[in-house]
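Engineer: Input file: model29.cif. Contents: mmCIF, N, CA and C atoms.
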data_input
loop_
_atom_site.label_atom_id
_atom_site.label_comp_id
_atom_site.auth_asym_id
_atom_site.auth_seq_id
_atom_site.Cartn_x
_atom_site.Cartn_y
_atom_site.Cartn_z
N MET A 268 0.84 -1.18 0.00
CA MET A 268 0.00 0.00 0.00
C MET A 268 0.89 1.24 0.00
N VAL A 269 0.57 2.18 -0.86
CA VAL A 269 1.37 3.39 -0.95
C VAL A 269 0.46 4.61 -1.05
N TYR A 270 0.68 5.56 -0.17
CA TYR A 270 -0.02 6.84 -0.24
C TYR A 270 0.69 7.74 -1.23
N THR A 271 -0.08 8.54 -1.96
CA THR A 271 0.48 9.63 -2.75
C THR A 271 -0.31 10.88 -2.42
N LEU A 272 0.40 11.97 -2.34
CA LEU A 272 -0.18 13.27 -2.05
C LEU A 272 0.40 14.23 -3.06
N ARG A 273 -0.44 14.86 -3.86
CA ARG A 273 0.04 15.72 -4.94
C ARG A 273 -0.56 17.11 -4.82
N ALA A 274 0.23 18.08 -5.24
CA ALA A 274 -0.20 19.47 -5.36
C ALA A 274 -0.12 19.82 -6.84
N LEU A 275 -1.26 19.96 -7.48
CA LEU A 275 -1.31 20.20 -8.92
C LEU A 275 -2.00 21.53 -9.21
N ASP A 276 -1.73 22.07 -10.37
CA ASP A 276 -2.41 23.30 -10.84
C ASP A 276 -2.33 24.42 -9.82
N LEU A 277 -1.16 24.65 -9.27
CA LEU A 277 -0.97 25.67 -8.23
C LEU A 277 -1.17 27.06 -8.80
N ARG A 278 -1.98 27.85 -8.13
CA ARG A 278 -2.24 29.25 -8.50
C ARG A 278 -1.63 30.15 -7.43
N LEU A 279 -0.60 30.90 -7.84
CA LEU A 279 0.11 31.77 -6.90
C LEU A 279 -0.09 33.23 -7.29
N PRO A 280 -0.10 34.12 -6.30
CA PRO A 280 -0.16 35.55 -6.63
C PRO A 280 1.12 35.95 -7.38
N THR A 281 1.03 36.97 -8.21
CA THR A 281 2.22 37.46 -8.89
C THR A 281 3.14 38.13 -7.89
N LEU A 282 4.39 38.26 -8.26
CA LEU A 282 5.40 38.80 -7.35
C LEU A 282 5.21 40.28 -7.04
N GLU A 283 4.52 41.00 -7.88
CA GLU A 283 4.37 42.44 -7.69
C GLU A 283 3.46 42.75 -6.51
N ARG A 284 3.96 43.50 -5.56
CA ARG A 284 3.21 44.01 -4.42
C ARG A 284 2.46 42.95 -3.62
N VAL A 285 3.06 41.80 -3.46
CA VAL A 285 2.43 40.73 -2.69
C VAL A 285 3.32 40.41 -1.50
N GLU A 286 2.71 40.31 -0.36
CA GLU A 286 3.42 39.95 0.86
C GLU A 286 3.48 38.43 0.99
N LEU A 287 4.43 37.96 1.75
CA LEU A 287 4.59 36.53 1.98
C LEU A 287 3.33 35.89 2.53
N VAL A 288 2.66 36.56 3.44
CA VAL A 288 1.44 36.02 4.03
C VAL A 288 0.37 35.80 2.97
N ASP A 289 0.36 36.63 1.91
CA ASP A 289 -0.60 36.44 0.82
C ASP A 289 -0.35 35.15 0.06
N VAL A 290 0.93 34.81 -0.11
CA VAL A 290 1.27 33.57 -0.80
C VAL A 290 0.82 32.38 0.04
N ILE A 291 1.11 32.44 1.34
CA ILE A 291 0.76 31.33 2.23
C ILE A 291 -0.76 31.17 2.31
N ALA A 292 -1.48 32.25 2.47
CA ALA A 292 -2.92 32.17 2.69
C ALA A 292 -3.73 32.01 1.40
N ASN A 293 -3.23 32.54 0.29
CA ASN A 293 -4.07 32.61 -0.91
C ASN A 293 -3.64 31.71 -2.06
N ALA A 294 -2.51 31.06 -1.95
CA ALA A 294 -2.10 30.15 -3.02
C ALA A 294 -2.92 28.88 -2.91
N GLU A 295 -3.58 28.53 -4.00
CA GLU A 295 -4.43 27.35 -3.99
C GLU A 295 -4.03 26.43 -5.14
N GLY A 296 -4.34 25.19 -4.96
CA GLY A 296 -4.07 24.22 -6.01
C GLY A 296 -4.96 23.00 -5.80
N ARG A 297 -4.81 22.07 -6.70
CA ARG A 297 -5.59 20.84 -6.61
C ARG A 297 -4.82 19.86 -5.72
N LEU A 298 -5.43 19.48 -4.62
CA LEU A 298 -4.84 18.50 -3.71
C LEU A 298 -5.45 17.14 -4.01
N VAL A 299 -4.58 16.18 -4.26
CA VAL A 299 -5.04 14.82 -4.53
C VAL A 299 -4.35 13.88 -3.55
N LEU A 300 -5.15 13.19 -2.75
CA LEU A 300 -4.66 12.18 -1.83
C LEU A 300 -5.16 10.83 -2.32
N ALA A 301 -4.23 9.92 -2.57
CA ALA A 301 -4.60 8.60 -3.08
C ALA A 301 -3.82 7.53 -2.34
N GLN A 302 -4.35 6.32 -2.39
CA GLN A 302 -3.64 5.16 -1.86
C GLN A 302 -3.75 4.07 -2.93
N ASN A 303 -2.59 3.66 -3.44
CA ASN A 303 -2.56 2.67 -4.53
C ASN A 303 -3.44 3.09 -5.71
N ASP A 304 -3.31 4.33 -6.13
CA ASP A 304 -4.04 4.89 -7.27
C ASP A 304 -5.54 5.04 -7.03
N PHE A 305 -6.04 4.73 -5.84
CA PHE A 305 -7.44 4.96 -5.51
C PHE A 305 -7.53 6.33 -4.82
N VAL A 306 -8.26 7.26 -5.41
CA VAL A 306 -8.36 8.62 -4.86
C VAL A 306 -9.25 8.60 -3.62
N ILE A 307 -8.66 9.02 -2.51
CA ILE A 307 -9.36 9.11 -1.23
C ILE A 307 -10.04 10.45 -1.12
N PHE A 308 -9.32 11.49 -1.58
CA PHE A 308 -9.82 12.86 -1.45
C PHE A 308 -9.18 13.70 -2.53
N GLU A 309 -9.99 14.57 -3.14
CA GLU A 309 -9.47 15.52 -4.13
C GLU A 309 -10.24 16.82 -3.97
N GLU A 310 -9.48 17.91 -3.90
CA GLU A 310 -10.08 19.24 -3.77
C GLU A 310 -9.35 20.16 -4.75
N HIS A 311 -10.10 20.89 -5.56
CA HIS A 311 -9.50 21.72 -6.61
C HIS A 311 -8.98 23.06 -6.11
N LEU A 312 -9.51 23.58 -5.04
CA LEU A 312 -9.05 24.86 -4.51
C LEU A 312 -8.65 24.70 -3.05
N PHE A 313 -7.54 24.01 -2.84
CA PHE A 313 -7.06 23.72 -1.50
C PHE A 313 -5.83 24.57 -1.22
N PRO A 314 -5.67 25.09 0.00
CA PRO A 314 -4.50 25.91 0.34
C PRO A 314 -3.23 25.04 0.49
N VAL A 315 -2.70 24.60 -0.63
CA VAL A 315 -1.60 23.62 -0.61
C VAL A 315 -0.30 24.21 -0.06
N VAL A 316 -0.05 25.49 -0.27
CA VAL A 316 1.17 26.09 0.27
C VAL A 316 1.08 26.16 1.80
N GLU A 317 -0.06 26.56 2.29
CA GLU A 317 -0.26 26.61 3.74
C GLU A 317 -0.14 25.20 4.34
N LEU A 318 -0.70 24.20 3.66
CA LEU A 318 -0.59 22.82 4.13
C LEU A 318 0.86 22.35 4.13
N ALA A 319 1.58 22.60 3.05
CA ALA A 319 2.99 22.17 2.97
C ALA A 319 3.81 22.81 4.08
N ARG A 320 3.60 24.08 4.32
CA ARG A 320 4.32 24.80 5.37
C ARG A 320 4.01 24.20 6.74
N ASP A 321 2.75 23.91 6.99
CA ASP A 321 2.35 23.35 8.27
C ASP A 321 2.84 21.91 8.45
N LEU A 322 2.77 21.12 7.38
CA LEU A 322 3.29 19.74 7.44
C LEU A 322 4.79 19.73 7.70
N LEU A 323 5.52 20.63 7.06
CA LEU A 323 6.96 20.70 7.26
C LEU A 323 7.28 20.97 8.72
N ARG A 324 6.57 21.87 9.32
CA ARG A 324 6.77 22.18 10.74
C ARG A 324 6.47 20.94 11.59
N TRP A 325 5.39 20.23 11.27
CA TRP A 325 5.01 19.04 12.03
C TRP A 325 6.03 17.92 11.85
N LEU A 326 6.51 17.73 10.63
CA LEU A 326 7.49 16.67 10.36
C LEU A 326 8.81 16.90 11.10
N ARG A 327 9.14 18.13 11.41
CA ARG A 327 10.40 18.46 12.09
C ARG A 327 10.34 18.27 13.59
N LYS A 328 9.18 18.01 14.14
CA LYS A 328 9.07 17.83 15.59
C LYS A 328 9.82 16.57 16.01
N ASP A 329 10.34 16.61 17.24
CA ASP A 329 11.08 15.48 17.79
C ASP A 329 10.18 14.32 18.17
N PHE A 330 8.92 14.56 18.38
CA PHE A 330 7.98 13.52 18.77
C PHE A 330 6.86 13.48 17.73
N ARG A 331 6.22 12.35 17.63
CA ARG A 331 5.16 12.18 16.63
C ARG A 331 3.81 12.15 17.32
N GLU A 332 2.97 13.09 16.99
CA GLU A 332 1.60 13.13 17.49
C GLU A 332 0.67 13.22 16.29
N ASP A 333 -0.60 12.95 16.50
CA ASP A 333 -1.57 13.06 15.42
C ASP A 333 -1.58 14.49 14.87
N TYR A 334 -1.86 14.61 13.59
CA TYR A 334 -1.84 15.90 12.91
C TYR A 334 -3.22 16.21 12.35
N SER A 335 -3.65 17.45 12.55
CA SER A 335 -4.89 17.94 11.97
C SER A 335 -4.62 19.35 11.46
N PHE A 336 -4.84 19.56 10.17
CA PHE A 336 -4.54 20.83 9.51
C PHE A 336 -5.46 21.92 10.03
N ASP A 337 -4.88 22.93 10.64
CA ASP A 337 -5.61 24.08 11.16
C ASP A 337 -5.35 25.23 10.19
N SER A 338 -6.27 25.42 9.27
CA SER A 338 -6.07 26.37 8.17
C SER A 338 -6.87 27.65 8.36
N MET A 339 -6.34 28.73 7.79
CA MET A 339 -7.07 29.98 7.74
C MET A 339 -8.27 29.86 6.80
N SER A 340 -8.27 28.87 5.92
CA SER A 340 -9.30 28.73 4.89
C SER A 340 -10.50 27.89 5.31
N PHE A 341 -10.38 27.15 6.41
CA PHE A 341 -11.45 26.27 6.84
C PHE A 341 -11.87 26.60 8.26
N GLU A 342 -13.15 26.54 8.50
CA GLU A 342 -13.68 26.84 9.82
C GLU A 342 -13.23 25.81 10.86
N ASP A 343 -13.24 24.53 10.46
CA ASP A 343 -12.88 23.46 11.38
C ASP A 343 -11.57 22.81 10.97
N LYS A 344 -10.89 22.22 11.95
CA LYS A 344 -9.72 21.40 11.66
C LYS A 344 -10.18 20.12 10.99
N GLY A 345 -9.27 19.47 10.29
CA GLY A 345 -9.61 18.17 9.75
C GLY A 345 -9.71 18.11 8.24
N ALA A 346 -9.47 19.22 7.56
CA ALA A 346 -9.47 19.17 6.09
C ALA A 346 -8.37 18.23 5.60
N PHE A 347 -7.35 18.05 6.43
CA PHE A 347 -6.28 17.10 6.16
C PHE A 347 -5.79 16.58 7.50
N ARG A 348 -5.76 15.25 7.65
CA ARG A 348 -5.38 14.67 8.94
C ARG A 348 -4.45 13.49 8.75
N VAL A 349 -3.58 13.31 9.76
CA VAL A 349 -2.69 12.14 9.83
C VAL A 349 -2.79 11.65 11.26
N TRP A 350 -3.10 10.36 11.44
CA TRP A 350 -3.22 9.86 12.80
C TRP A 350 -2.75 8.41 12.90
N GLU A 351 -2.35 8.08 14.13
CA GLU A 351 -1.80 6.75 14.39
C GLU A 351 -2.91 5.79 14.83
N VAL A 352 -2.82 4.57 14.31
CA VAL A 352 -3.74 3.50 14.68
C VAL A 352 -2.92 2.23 14.85
N ALA A 353 -2.80 1.75 16.05
CA ALA A 353 -2.10 0.49 16.35
C ALA A 353 -0.70 0.44 15.75
N GLY A 354 0.05 1.53 15.90
CA GLY A 354 1.44 1.57 15.44
C GLY A 354 1.64 1.90 13.98
N GLU A 355 0.57 2.05 13.23
CA GLU A 355 0.66 2.48 11.83
C GLU A 355 -0.11 3.79 11.69
N TRP A 356 -0.09 4.37 10.49
CA TRP A 356 -0.62 5.71 10.30
C TRP A 356 -1.61 5.75 9.14
N ILE A 357 -2.60 6.64 9.28
CA ILE A 357 -3.61 6.87 8.26
C ILE A 357 -3.57 8.34 7.87
N VAL A 358 -3.73 8.61 6.57
CA VAL A 358 -3.83 9.97 6.05
C VAL A 358 -5.19 10.08 5.39
N SER A 359 -5.95 11.13 5.73
CA SER A 359 -7.26 11.31 5.11
C SER A 359 -7.73 12.74 5.33
N SER A 360 -8.99 12.97 5.07
CA SER A 360 -9.62 14.26 5.24
C SER A 360 -11.02 14.05 5.79
N ASP A 361 -11.46 14.97 6.62
CA ASP A 361 -12.84 14.91 7.10
C ASP A 361 -13.82 15.13 5.95
N PHE A 362 -13.33 15.64 4.82
CA PHE A 362 -14.17 15.87 3.66
C PHE A 362 -14.17 14.69 2.69
N ALA A 363 -13.43 13.65 3.00
CA ALA A 363 -13.41 12.46 2.13
C ALA A 363 -14.79 11.82 2.14
N ASP A 364 -15.07 11.04 1.12
CA ASP A 364 -16.42 10.47 0.93
C ASP A 364 -16.74 9.29 1.83
N GLY A 365 -15.96 9.05 2.84
CA GLY A 365 -16.22 7.94 3.75
C GLY A 365 -15.33 6.74 3.52
N THR A 366 -14.53 6.80 2.47
CA THR A 366 -13.58 5.72 2.20
C THR A 366 -12.55 5.68 3.31
N GLN A 367 -12.35 4.54 3.90
CA GLN A 367 -11.37 4.40 4.98
C GLN A 367 -10.06 3.87 4.41
N PRO A 368 -9.03 4.70 4.38
CA PRO A 368 -7.73 4.21 3.88
C PRO A 368 -7.14 3.16 4.81
N THR A 369 -6.21 2.41 4.28
CA THR A 369 -5.52 1.37 5.05
C THR A 369 -4.34 1.99 5.79
N PRO A 370 -4.15 1.67 7.06
CA PRO A 370 -2.98 2.18 7.78
C PRO A 370 -1.68 1.67 7.15
N GLU A 371 -0.64 2.51 7.25
CA GLU A 371 0.67 2.16 6.70
C GLU A 371 1.76 2.51 7.71
N PRO A 372 2.95 1.92 7.55
CA PRO A 372 4.07 2.26 8.44
C PRO A 372 4.45 3.74 8.30
N TRP A 373 5.02 4.28 9.39
CA TRP A 373 5.39 5.69 9.41
C TRP A 373 6.31 6.07 8.25
N ASP A 374 7.30 5.25 7.91
CA ASP A 374 8.25 5.64 6.86
C ASP A 374 7.55 5.85 5.51
N SER A 375 6.51 5.11 5.22
CA SER A 375 5.74 5.29 3.99
C SER A 375 4.99 6.62 4.01
N ILE A 376 4.40 6.93 5.14
CA ILE A 376 3.67 8.20 5.30
C ILE A 376 4.64 9.36 5.20
N GLN A 377 5.76 9.25 5.88
CA GLN A 377 6.75 10.31 5.89
C GLN A 377 7.24 10.61 4.46
N ARG A 378 7.53 9.56 3.70
CA ARG A 378 7.97 9.76 2.30
C ARG A 378 6.92 10.51 1.48
N ALA A 379 5.66 10.14 1.63
CA ALA A 379 4.59 10.80 0.87
C ALA A 379 4.47 12.27 1.26
N LEU A 380 4.55 12.56 2.55
CA LEU A 380 4.42 13.94 3.01
C LEU A 380 5.63 14.78 2.58
N GLU A 381 6.82 14.21 2.69
CA GLU A 381 8.03 14.93 2.26
C GLU A 381 8.03 15.17 0.75
N PHE A 382 7.53 14.22 -0.03
CA PHE A 382 7.41 14.41 -1.48
C PHE A 382 6.47 15.58 -1.77
N PHE A 383 5.34 15.62 -1.06
CA PHE A 383 4.37 16.70 -1.24
C PHE A 383 5.00 18.07 -0.94
N VAL A 384 5.70 18.18 0.18
CA VAL A 384 6.34 19.44 0.56
C VAL A 384 7.36 19.84 -0.51
N ALA A 385 8.15 18.88 -0.99
CA ALA A 385 9.15 19.17 -2.03
C ALA A 385 8.46 19.60 -3.33
N GLU A 386 7.35 18.96 -3.67
CA GLU A 386 6.63 19.33 -4.89
C GLU A 386 6.09 20.76 -4.80
N VAL A 387 5.53 21.12 -3.66
CA VAL A 387 5.06 22.49 -3.47
C VAL A 387 6.23 23.47 -3.56
N GLY A 388 7.36 23.12 -2.95
CA GLY A 388 8.55 23.96 -3.04
C GLY A 388 8.99 24.16 -4.48
N MET A 389 8.96 23.10 -5.27
CA MET A 389 9.34 23.19 -6.67
C MET A 389 8.38 24.11 -7.44
N ARG A 390 7.09 24.00 -7.16
CA ARG A 390 6.10 24.86 -7.83
C ARG A 390 6.30 26.33 -7.44
N LEU A 391 6.63 26.57 -6.16
CA LEU A 391 6.92 27.94 -5.73
C LEU A 391 8.11 28.50 -6.49
N GLU A 392 9.17 27.71 -6.57
CA GLU A 392 10.38 28.15 -7.26
C GLU A 392 10.11 28.41 -8.74
N GLU A 393 9.33 27.57 -9.38
CA GLU A 393 8.99 27.77 -10.79
C GLU A 393 8.24 29.07 -11.01
N SER A 394 7.54 29.54 -9.97
CA SER A 394 6.77 30.78 -10.07
C SER A 394 7.55 31.99 -9.58
N GLY A 395 8.83 31.80 -9.26
CA GLY A 395 9.66 32.93 -8.86
C GLY A 395 9.74 33.19 -7.37
N TRP A 396 9.12 32.35 -6.57
CA TRP A 396 9.17 32.50 -5.12
C TRP A 396 10.30 31.66 -4.54
N ASP A 397 10.87 32.12 -3.45
CA ASP A 397 11.90 31.37 -2.75
C ASP A 397 11.20 30.35 -1.84
N PRO A 398 11.26 29.06 -2.17
CA PRO A 398 10.52 28.08 -1.37
C PRO A 398 10.96 28.03 0.08
N ASP A 399 12.25 28.25 0.34
CA ASP A 399 12.73 28.23 1.72
C ASP A 399 12.11 29.38 2.51
N ALA A 400 12.04 30.56 1.92
CA ALA A 400 11.46 31.72 2.60
C ALA A 400 9.97 31.51 2.88
N VAL A 401 9.26 30.90 1.95
CA VAL A 401 7.83 30.69 2.12
C VAL A 401 7.55 29.56 3.10
N LEU A 402 8.16 28.41 2.88
CA LEU A 402 7.83 27.22 3.67
C LEU A 402 8.43 27.25 5.07
N ASN A 403 9.48 28.04 5.26
CA ASN A 403 10.12 28.12 6.58
C ASN A 403 9.86 29.43 7.29
N SER A 404 8.93 30.22 6.78
CA SER A 404 8.64 31.49 7.43
C SER A 404 8.06 31.23 8.82
N PRO A 405 8.40 32.10 9.78
CA PRO A 405 7.95 31.86 11.16
C PRO A 405 6.45 32.03 11.32
N TYR A 406 5.89 31.30 12.24
CA TYR A 406 4.49 31.45 12.62
C TYR A 406 4.40 32.60 13.63
N ALA A 407 3.25 33.21 13.75
CA ALA A 407 3.07 34.33 14.68
C ALA A 407 3.44 33.93 16.10
N ASP A 408 3.12 32.70 16.49
CA ASP A 408 3.43 32.27 17.86
C ASP A 408 4.91 31.97 18.06
N ASP A 409 5.68 31.96 16.97
CA ASP A 409 7.13 31.76 17.07
C ASP A 409 7.87 33.07 17.30
N LEU A 410 7.20 34.17 17.05
CA LEU A 410 7.86 35.49 17.12
C LEU A 410 7.85 36.04 18.52
#
For this file, produce the structure as structure tokens.
Structural biologist:
Amino acid sequence: MVYTLRALDLRLPTLERVELVDVIANAEGRLVLAQNDFVIFEEHLFPVVELARDLLRWLRKDFREDYSFDSMSFEDKGAFRVWEVAGEWIVSSDFADGTQPTPEPWDSIQRALEFFVAEVGMRLEESGWDPDAVLNSPYADDL
């Protein structure tokens, strides 16, 4: 079983007169979460840059806890979630159609999430943005 997480059709603000926060909050793209080519969740206007930035921060933590995407774009948490079940991990969304993905080992999940973050970084760079500056920008509570 293999999870794939893709950021496609990314729409970014132009470089002229745009602040970093605008890129994080307003860049949208098509998010596709699949397991073995079976699409679990797909959203055409998902804040993929904000998700990549938040996932990167979560992946860098020394301890592993369940993850729930807390976005400026959604009223509730859970648009994207990663959680542990009996020593393995599940990736899904509260907006998924009810399909229950199969749990997988952490290293498989980690690879999928790191690929997603790298893909978003590549899309940022292709659009003229510095991916390191965007994805590693401090959170308000870090300042």
Engineer: Can you list what the PyMOL selection byres ((chain A and resi 357) around 7) grabs from this structure, as a list in words?
Structural biologist: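 On this input, the PyMOL selection byres ((chain A and resi 357) around 7) captures Arg348, Val349, Trp350, Glu351, Val352, Glu355, Trp356, Val358, Ser359, Pro368, Thr369, Pro370 and Glu371 of chain A.
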Engineer: Using only N, CA and C atoms, which protein or nucleic acid residues come within 8 Å of A:Glu310? Drop anything in the same chain fewer than 4 positions from it, and give the result as a PyMOL selection string.
Structural biologist: chain A and resi 296-300+314
Engineer: At most 7 Å is the cut-off: for each residue in stretch 285-350 of chain A with any atom that close to an atom of stretch 378-391 of chain A, write down the nearest atom pair and the distance in Å rounded to one decimal, counting all atoms listed in the file, chain first then increasing number, as a tab-separated table.
Structural biologist:
residue	atom	partner	partner_atom	distance
A:Val315	C	A:Val387	CA	6.6
A:Val316	CA	A:Val387	CA	6.5
A:Ala319	CA	A:Val384	CA	4.9
A:Arg320	N	A:Val384	CA	6.6
A:Leu323	N	A:Val384	CA	6.7
Engineer: Figure out the distance between atom CA of A:Glu295 and atom CA of A:Leu322, please, to one decimal in Å.
Structural biologist: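 Interatomic distance, atom CA of A:Leu322 to atom CA of A:Glu295: 15.8 Å.
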Engineer: Which one of A:Met339, A:Leu402, A:Ile376, A:Ala353 sits closest to A:Ala292 if you count only C-alpha atoms?
Structural biologist: A:Met339
Engineer: Enter the distance from atom N of A:Ser404 to atom N of A:Asp321, in Å, rounded to one decimal.
Structural biologist: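 Separating atom N of A:Ser404 from atom N of A:Asp321 is a distance of 8.8 Å.
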Engineer: For a test of reading the model, state the distance in Å between atom CA of A:Arg327 and atom C of A:Ala274, rounded to one decimal.
Structural biologist: 21.7 Å
Engineer: From the set A:Phe336, A:Phe313, A:Trp396, A:Tyr270, which residue has the shortest atom-to-atom contact distance to A:Ala301, counting only C-alpha atoms?
Structural biologist: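 Of all the options, A:Tyr270 lies closest to A:Ala301.
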Engineer: If you run DSSP on the backbone, which residues of stretch 268-395 of chain A are alpha helix (DSSP H), as a PyMOL selection string?
Structural biologist: chain A and resi 287-293+315-326+373-393
Engineer: Which parts of stretch 275-402 of chain A does DSSP call strand (DSSP E) when run on the backbone here, written out as a PyMOL selection string?
Structural biologist: chain A and resi 275-278+295-302+305-313+334-335+348-352+355-359
